[in-house]
Every structure is written in C-alpha cells, then in structure tokens.
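Text of my_file.json, listed as JSON, C-alpha atoms:
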```json
[["chain", "number", "residue", "atom", "x", "y", "z"],
["A", 1, "MET", "CA", 0.00, 0.00, 0.00],
["A", 2, "GLY", "CA", 1.42, 3.41, -1.01],
["A", 3, "LYS", "CA", 1.89, 6.35, 1.36],
["A", 4, "LYS", "CA", -1.04, 8.23, -0.17],
["A", 5, "GLU", "CA", -3.36, 5.24, 0.37],
["A", 6, "GLN", "CA", -2.12, 4.85, 3.97],
["A", 7, "LYS", "CA", -2.72, 8.53, 4.67],
["A", 8, "LYS", "CA", -6.19, 8.38, 3.13],
["A", 9, "LYS", "CA", -7.04, 5.27, 5.16],
["A", 10, "LYS", "CA", -5.75, 6.92, 8.36],
["A", 11, "GLY", "CA", -7.84, 10.08, 7.71],
["A", 12, "ALA", "CA", -10.94, 8.04, 7.09],
["A", 13, "ALA", "CA", -10.34, 6.15, 10.33],
["A", 14, "VAL", "CA", -10.19, 9.39, 12.33],
["A", 15, "GLN", "CA", -13.45, 10.63, 10.84],
["A", 16, "ASP", "CA", -15.03, 7.22, 11.40],
["A", 17, "LEU", "CA", -13.83, 7.21, 15.00],
["A", 18, "LEU", "CA", -15.43, 10.59, 15.59],
["A", 19, "GLY", "CA", -18.51, 9.61, 13.64],
["A", 20, "PHE", "CA", -18.47, 12.92, 11.74],
["A", 21, "LYS", "CA", -19.68, 12.89, 8.18],
["A", 22, "ALA", "CA", -19.91, 16.58, 7.31],
["A", 23, "PHE", "CA", -20.68, 20.07, 8.52],
["A", 24, "THR", "CA", -24.24, 21.16, 7.87],
["A", 25, "GLU", "CA", -25.93, 24.52, 7.76],
["A", 26, "TYR", "CA", -26.95, 24.14, 11.41],
["A", 27, "GLY", "CA", -24.36, 21.83, 12.98],
["A", 28, "VAL", "CA", -22.56, 18.56, 12.32],
["A", 29, "LEU", "CA", -23.85, 15.48, 10.53],
["A", 30, "THR", "CA", -22.77, 12.30, 12.31],
["A", 31, "ASN", "CA", -23.37, 8.59, 11.88],
["A", 32, "ARG", "CA", -26.29, 8.96, 14.30],
["A", 33, "GLY", "CA", -27.92, 12.09, 12.90],
["A", 34, "GLU", "CA", -27.29, 15.80, 12.99],
["A", 35, "LEU", "CA", -25.99, 17.52, 16.12],
["A", 36, "LEU", "CA", -26.86, 21.12, 16.89],
["A", 37, "LEU", "CA", -24.50, 22.82, 19.33],
["A", 38, "TYR", "CA", -25.37, 25.84, 21.45],
["A", 39, "GLU", "CA", -23.16, 27.75, 23.83],
["A", 40, "ILE", "CA", -24.68, 29.14, 26.98],
["A", 41, "ARG", "CA", -22.89, 31.86, 28.88],
["A", 42, "PRO", "CA", -22.12, 30.78, 32.43],
["A", 43, "THR", "CA", -23.36, 32.77, 35.38],
["A", 44, "ASN", "CA", -20.96, 33.51, 38.21],
["A", 45, "LEU", "CA", -22.84, 31.76, 40.99],
["A", 46, "SER", "CA", -20.42, 32.94, 43.66],
["A", 47, "VAL", "CA", -21.80, 36.49, 43.45],
["A", 48, "LEU", "CA", -25.47, 35.47, 43.50],
["A", 49, "SER", "CA", -27.70, 35.19, 46.53],
["A", 50, "ALA", "CA", -28.91, 31.75, 47.61],
["A", 51, "ALA", "CA", -32.35, 32.57, 46.16],
["A", 52, "SER", "CA", -30.81, 33.51, 42.80],
["A", 53, "VAL", "CA", -28.79, 30.28, 42.69],
["A", 54, "GLU", "CA", -31.96, 28.31, 43.42],
["A", 55, "ASN", "CA", -33.67, 30.19, 40.59],
["A", 56, "LYS", "CA", -30.85, 29.30, 38.16],
["A", 57, "ILE", "CA", -31.16, 25.64, 39.16],
["A", 58, "ARG", "CA", -34.93, 25.82, 38.61],
["A", 59, "GLU", "CA", -34.38, 27.42, 35.17],
["A", 60, "MET", "CA", -32.00, 24.61, 34.16],
["A", 61, "THR", "CA", -34.47, 22.02, 35.46],
["A", 62, "MET", "CA", -37.24, 23.62, 33.41],
["A", 63, "LEU", "CA", -35.03, 23.59, 30.31],
["A", 64, "LEU", "CA", -34.21, 19.91, 30.77],
["A", 65, "SER", "CA", -37.90, 19.18, 31.26],
["A", 66, "ALA", "CA", -38.88, 21.17, 28.16],
["A", 67, "ILE", "CA", -36.31, 19.40, 25.93],
["A", 68, "PRO", "CA", -35.34, 16.14, 27.68],
["A", 69, "GLU", "CA", -33.31, 14.84, 24.73],
["A", 70, "ILE", "CA", -30.67, 17.58, 24.95],
["A", 71, "GLU", "CA", -27.26, 16.93, 26.48],
["A", 72, "ILE", "CA", -24.99, 19.33, 28.33],
["A", 73, "ALA", "CA", -21.21, 19.41, 28.02],
["A", 74, "CYS", "CA", -18.58, 21.49, 29.79],
["A", 75, "VAL", "CA", -15.29, 21.88, 27.95],
["A", 76, "ASP", "CA", -12.17, 23.99, 28.28],
["A", 77, "ALA", "CA", -12.53, 27.14, 26.25],
["A", 78, "ASN", "CA", -8.79, 27.70, 25.88],
["A", 79, "GLU", "CA", -5.69, 25.81, 24.93],
["A", 80, "CYS", "CA", -3.54, 24.10, 27.55],
["A", 81, "PHE", "CA", 0.10, 25.23, 27.75],
["A", 82, "ASP", "CA", 1.58, 22.21, 29.55],
["A", 83, "GLU", "CA", 3.51, 20.92, 26.54],
["A", 84, "ASN", "CA", 4.93, 24.38, 25.82],
["A", 85, "LYS", "CA", 6.00, 24.80, 29.44],
["A", 86, "ALA", "CA", 7.60, 21.33, 29.49],
["A", 87, "TYR", "CA", 9.54, 22.17, 26.33],
["A", 88, "LEU", "CA", 10.73, 25.51, 27.74],
["A", 89, "SER", "CA", 11.75, 23.85, 31.04],
["A", 90, "GLU", "CA", 13.76, 21.22, 29.20],
["A", 91, "ARG", "CA", 15.39, 23.90, 27.04],
["A", 92, "ALA", "CA", 16.23, 25.97, 30.15],
["A", 93, "GLU", "CA", 17.91, 22.97, 31.78],
["A", 94, "GLN", "CA", 20.06, 22.39, 28.70],
["A", 95, "GLU", "CA", 20.87, 26.05, 28.06],
["A", 96, "LYS", "CA", 24.38, 27.17, 28.97],
["A", 97, "ASN", "CA", 23.92, 30.90, 28.25],
["A", 98, "LYS", "CA", 22.65, 32.59, 31.44],
["A", 99, "LYS", "CA", 20.76, 35.33, 29.56],
["A", 100, "VAL", "CA", 18.94, 32.86, 27.33],
["A", 101, "LYS", "CA", 18.16, 30.69, 30.37],
["A", 102, "ASP", "CA", 16.65, 33.72, 32.15],
["A", 103, "LEU", "CA", 14.51, 34.51, 29.10],
["A", 104, "LEU", "CA", 13.25, 30.93, 28.99],
["A", 105, "GLN", "CA", 12.34, 31.14, 32.70],
["A", 106, "LYS", "CA", 10.45, 34.39, 32.03],
["A", 107, "ASP", "CA", 8.57, 32.68, 29.18],
["A", 108, "ILE", "CA", 7.57, 29.86, 31.56],
["A", 109, "ALA", "CA", 6.37, 32.41, 34.15],
["A", 110, "PHE", "CA", 4.41, 34.23, 31.43],
["A", 111, "LEU", "CA", 2.68, 31.00, 30.34],
["A", 112, "ASP", "CA", 1.92, 30.20, 34.00],
["A", 113, "GLY", "CA", 0.24, 33.59, 34.35],
["A", 114, "ILE", "CA", -1.84, 33.14, 31.22],
["A", 115, "GLN", "CA", -2.87, 29.64, 32.26],
["A", 116, "LEU", "CA", -3.85, 30.87, 35.73],
["A", 117, "GLU", "CA", -6.03, 33.61, 34.21],
["A", 118, "MET", "CA", -7.74, 31.07, 31.96],
["A", 119, "ALA", "CA", -8.12, 28.35, 34.60],
["A", 120, "THR", "CA", -11.81, 29.07, 34.91],
["A", 121, "ALA", "CA", -12.38, 29.55, 31.18],
["A", 122, "ARG", "CA", -15.03, 26.95, 30.51],
["A", 123, "GLN", "CA", -17.51, 26.66, 27.72],
["A", 124, "PHE", "CA", -20.94, 25.22, 28.46],
["A", 125, "LEU", "CA", -22.60, 23.55, 25.53],
["A", 126, "ILE", "CA", -26.04, 22.20, 24.90],
["A", 127, "VAL", "CA", -26.20, 19.51, 22.24],
["A", 128, "ALA", "CA", -29.48, 18.73, 20.51],
["A", 129, "LYS", "CA", -29.78, 15.65, 18.31],
["A", 130, "CYS", "CA", -31.81, 15.59, 15.12],
["A", 131, "ARG", "CA", -32.65, 12.15, 13.79],
["A", 132, "GLY", "CA", -34.66, 11.51, 10.66],
["A", 133, "MET", "CA", -35.39, 15.19, 10.02],
["A", 134, "ASN", "CA", -35.27, 16.98, 6.69],
["A", 135, "ALA", "CA", -33.54, 20.37, 6.36],
["A", 136, "GLN", "CA", -36.71, 22.37, 7.05],
["A", 137, "GLN", "CA", -37.51, 20.34, 10.17],
["A", 138, "VAL", "CA", -33.94, 20.79, 11.42],
["A", 139, "PHE", "CA", -34.25, 24.55, 10.86],
["A", 140, "HIS", "CA", -37.47, 24.72, 12.91],
["A", 141, "TYR", "CA", -36.08, 22.46, 15.64],
["A", 142, "ALA", "CA", -32.84, 24.50, 15.84],
["A", 143, "ASN", "CA", -34.86, 27.69, 16.36],
["A", 144, "ALA", "CA", -37.20, 26.02, 18.88],
["A", 145, "VAL", "CA", -34.28, 24.75, 20.96],
["A", 146, "GLN", "CA", -32.56, 28.14, 20.95],
["A", 147, "LYS", "CA", -35.83, 29.85, 21.91],
["A", 148, "ALA", "CA", -36.44, 27.39, 24.76],
["A", 149, "ILE", "CA", -32.93, 27.94, 26.14],
["A", 150, "HIS", "CA", -33.35, 31.71, 25.94],
["A", 151, "GLU", "CA", -36.80, 31.59, 27.55],
["A", 152, "GLN", "CA", -35.32, 29.85, 30.59],
["A", 153, "GLY", "CA", -33.06, 32.85, 31.21],
["A", 154, "PHE", "CA", -29.83, 31.70, 29.56],
["A", 155, "GLU", "CA", -27.76, 33.77, 27.16],
["A", 156, "VAL", "CA", -27.34, 31.45, 24.18],
["A", 157, "HIS", "CA", -26.05, 31.26, 20.64],
["A", 158, "ARG", "CA", -25.89, 28.39, 18.20],
["A", 159, "LEU", "CA", -22.37, 27.42, 17.19],
["A", 160, "GLU", "CA", -21.54, 27.90, 13.54],
["A", 161, "LYS", "CA", -19.04, 25.88, 11.54],
["A", 162, "SER", "CA", -16.06, 28.08, 12.52],
["A", 163, "ASP", "CA", -17.04, 27.82, 16.22],
["A", 164, "ILE", "CA", -17.33, 24.02, 15.99],
["A", 165, "LYS", "CA", -13.96, 23.76, 14.26],
["A", 166, "ARG", "CA", -12.32, 25.90, 16.97],
["A", 167, "LEU", "CA", -13.92, 23.73, 19.65],
["A", 168, "LEU", "CA", -12.66, 20.53, 18.00],
["A", 169, "ALA", "CA", -9.19, 22.02, 17.51],
["A", 170, "LEU", "CA", -8.96, 22.88, 21.21],
["A", 171, "TYR", "CA", -10.30, 19.47, 22.22],
["A", 172, "PHE", "CA", -7.82, 17.63, 20.03],
["A", 173, "ASP", "CA", -4.98, 20.05, 20.87],
["A", 174, "ALA", "CA", -4.56, 20.91, 17.21],
["A", 175, "SER", "CA", -4.59, 24.69, 17.01],
["A", 176, "LEU", "CA", -6.05, 27.88, 18.39],
["A", 177, "PHE", "CA", -7.17, 28.66, 14.86],
["A", 178, "GLY", "CA", -9.50, 25.72, 14.31],
["A", 179, "GLU", "CA", -11.65, 27.59, 11.82],
["A", 180, "GLN", "CA", -8.69, 27.39, 9.42],
["A", 181, "ILE", "CA", -8.61, 23.58, 9.55],
["A", 182, "PRO", "CA", -10.01, 22.02, 6.35],
["A", 183, "ASP", "CA", -13.50, 20.51, 6.52],
["A", 184, "THR", "CA", -12.19, 17.04, 5.68],
["A", 185, "GLU", "CA", -8.85, 15.29, 5.97],
["A", 186, "THR", "CA", -7.11, 14.56, 2.70]]
```

Take the structure in this file and express it as structure tokens.
Amino acid sequence: MGKKEQKKKKGAAVQDLLGFKAFTEYGVLTNRGELLLYEIRPTNLSVLSAASVENKIREMTMLLSAIPEIEIACVDANECFDENKAYLSERAEQEKNKKVKDLLQKDIAFLDGIQLEMATARQFLIVAKCRGMNAQQVFHYANAVQKAIHEQGFEVHRLEKSDIKRLLALYFDASLFGEQIPDTET
C-alpha cells in the first residue's frame, strides 16, 4: 500500500472514530444524525444570593424538562500550555547561556500567568440531536431549541461551523485557529 493510500485510510479512520460525516448549515452530521451545538454563557454563581442560585437551578431544570433529549457538556474554552512549558523547562535545563536561560524562565512564568487567568475559562454547551429530520424540520427544531434555552433565562447562541472547528481544535490540541482547519482530511 502506497503512502497516499495509507494517509487516506488513516484520515478516514479518524473521521469514522469521531462519527463525523460533514458540517451542515446548522451543525454537524454524524453517523447517528445531525448535532446542533449551542453555547450558553455561564453565570458567576459565587456572586449570586442563595435565592438567585436556586432560581438558576430551577431554570435549568425547566429547560431539561422542556427538551429532555438535549445533552450538556462542559469543555475547556482555551488551549492548555503544559507541553509548551515542558519544552521551555527542558530547554532551560540544557541552556548554557545565562541570559537565554533567564529569558526561557520568564517565558515559563508568562505561560503560567496566562494559564492561571484562563483556569476558569469553561464553555458550556447544549447539544441537541436531530434524527430523521429533513432540512426544514432541522431549521425549525434549531430555532425552537434556541428559543427554549433563551426563555429559561440563559444567554445562548448556536455554534456555527467556525465555532465548531475551533472547539474541535482545542479538544484535540490541534490549534487555536480551528476555523482554518479544512472541513475534511485529505
């Protein structure tokens, strides 16, 4: 088997593993139907009164009751810098030039600071599954789900293709610029 055939087979295996077939107008087509992804903005519960926290819990309960087939996911919204810091630490240990070593240590401290600032950067997603629906039904369902989320007091927006690509790139540690990744592997 040639290198091109091996690469093609490997790419197909990754897509098969993920179950992704294609991006659609409203989400992602998978082996099990279309997925619609919505991001909800988190509320800082630590600054709310006990009554307000109870209200937020009630709103989420109402949303889950209104659309019981949805799923909720919490993912990191930013890239992890552990590999970069490990590389810089290794380089600093090997470096003989004191000035370069100091610069590498400053880079590590800088990455530590960024990572600390982003430690609470989470993205909360609602995933709605569409099975056996035509494009018009998916359109209506996508709007109904977004409306239901909004009516329960959550700030929401449906993820578009570029948002989904960025999310996948962060999840698979591929790039901060996921929207630039091609739609399919070649």

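In this model, the gap between atom CA of A:Ala109 and atom CA of A:Lys85 comes to 9.0 Å.
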
Checklist entry - Leaving out stretch 49-65 of chain A and any residue of its chain fewer than 2 positions from it, which residues lie within 7 Å of it when counting all atoms listed in the file, given as a PyMOL selection string? => result chain A and resi 45+47+67-68+148-149+152-153

Save out the residues we just selected, C-alpha atoms, as a PDB file, in the coordinates of the input.
```pdb
ATOM      1  CA  LEU A  45     -22.840  31.760  40.990  1.00  0.00           C
ATOM      2  CA  VAL A  47     -21.800  36.490  43.450  1.00  0.00           C
ATOM      3  CA  ILE A  67     -36.310  19.400  25.930  1.00  0.00           C
ATOM      4  CA  PRO A  68     -35.340  16.140  27.680  1.00  0.00           C
ATOM      5  CA  ALA A 148     -36.440  27.390  24.760  1.00  0.00           C
ATOM      6  CA  ILE A 149     -32.930  27.940  26.140  1.00  0.00           C
ATOM      7  CA  GLN A 152     -35.320  29.850  30.590  1.00  0.00           C
ATOM      8  CA  GLY A 153     -33.060  32.850  31.210  1.00  0.00           C
TER       9      GLY A 153
END
```

Item to check | Counting all atoms listed in the file, the option among A:Glu90, A:Asp82, A:Glu69, A:Asp112 closest to A:Arg131 | outcome: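 Checking each of A:Glu90, A:Asp82, A:Glu69, A:Asp112 against A:Arg131, counting all atoms listed in the file, the winner is A:Glu69.
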
Next on the checklist: Report, in Å to a single decimal, how far apart atom CA of A:His150 and atom CA of A:Pro42 are.
Outcome noted: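 For atom CA of A:Pro42 relative to atom CA of A:His150, the distance reads 13.0 Å.
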
Item to check | Shell of 10 Å around A:Lys147, only C-alpha atoms, local chain residues under 5 positions omitted, as a list in words | outcome: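 What passes the distance filter is Tyr141, Ala142, Gln152, Phe154, Val156 and His157 of chain A.
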
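Rounded to one decimal, atom CA of A:Leu48 and atom CA of A:Leu125 lie 21.8 Å from each other.
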
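In terms of minimum interatomic distance to A:Gln123, A:Glu39 ranks closest within A:Asp107, A:Glu25, A:Glu39, A:Glu71, counting only C-alpha atoms.
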
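Minimum atom-to-atom distance to A:Ala128, evaluated using only C-alpha atoms, belongs to A:Arg158 out of A:Lys21, A:Lys165, A:Arg41, A:Arg158.
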
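Nearest residue to A:Ile40 among A:Ile72, A:Ala92, A:Ile108, A:Val28 is A:Ile72, counting all atoms listed in the file.
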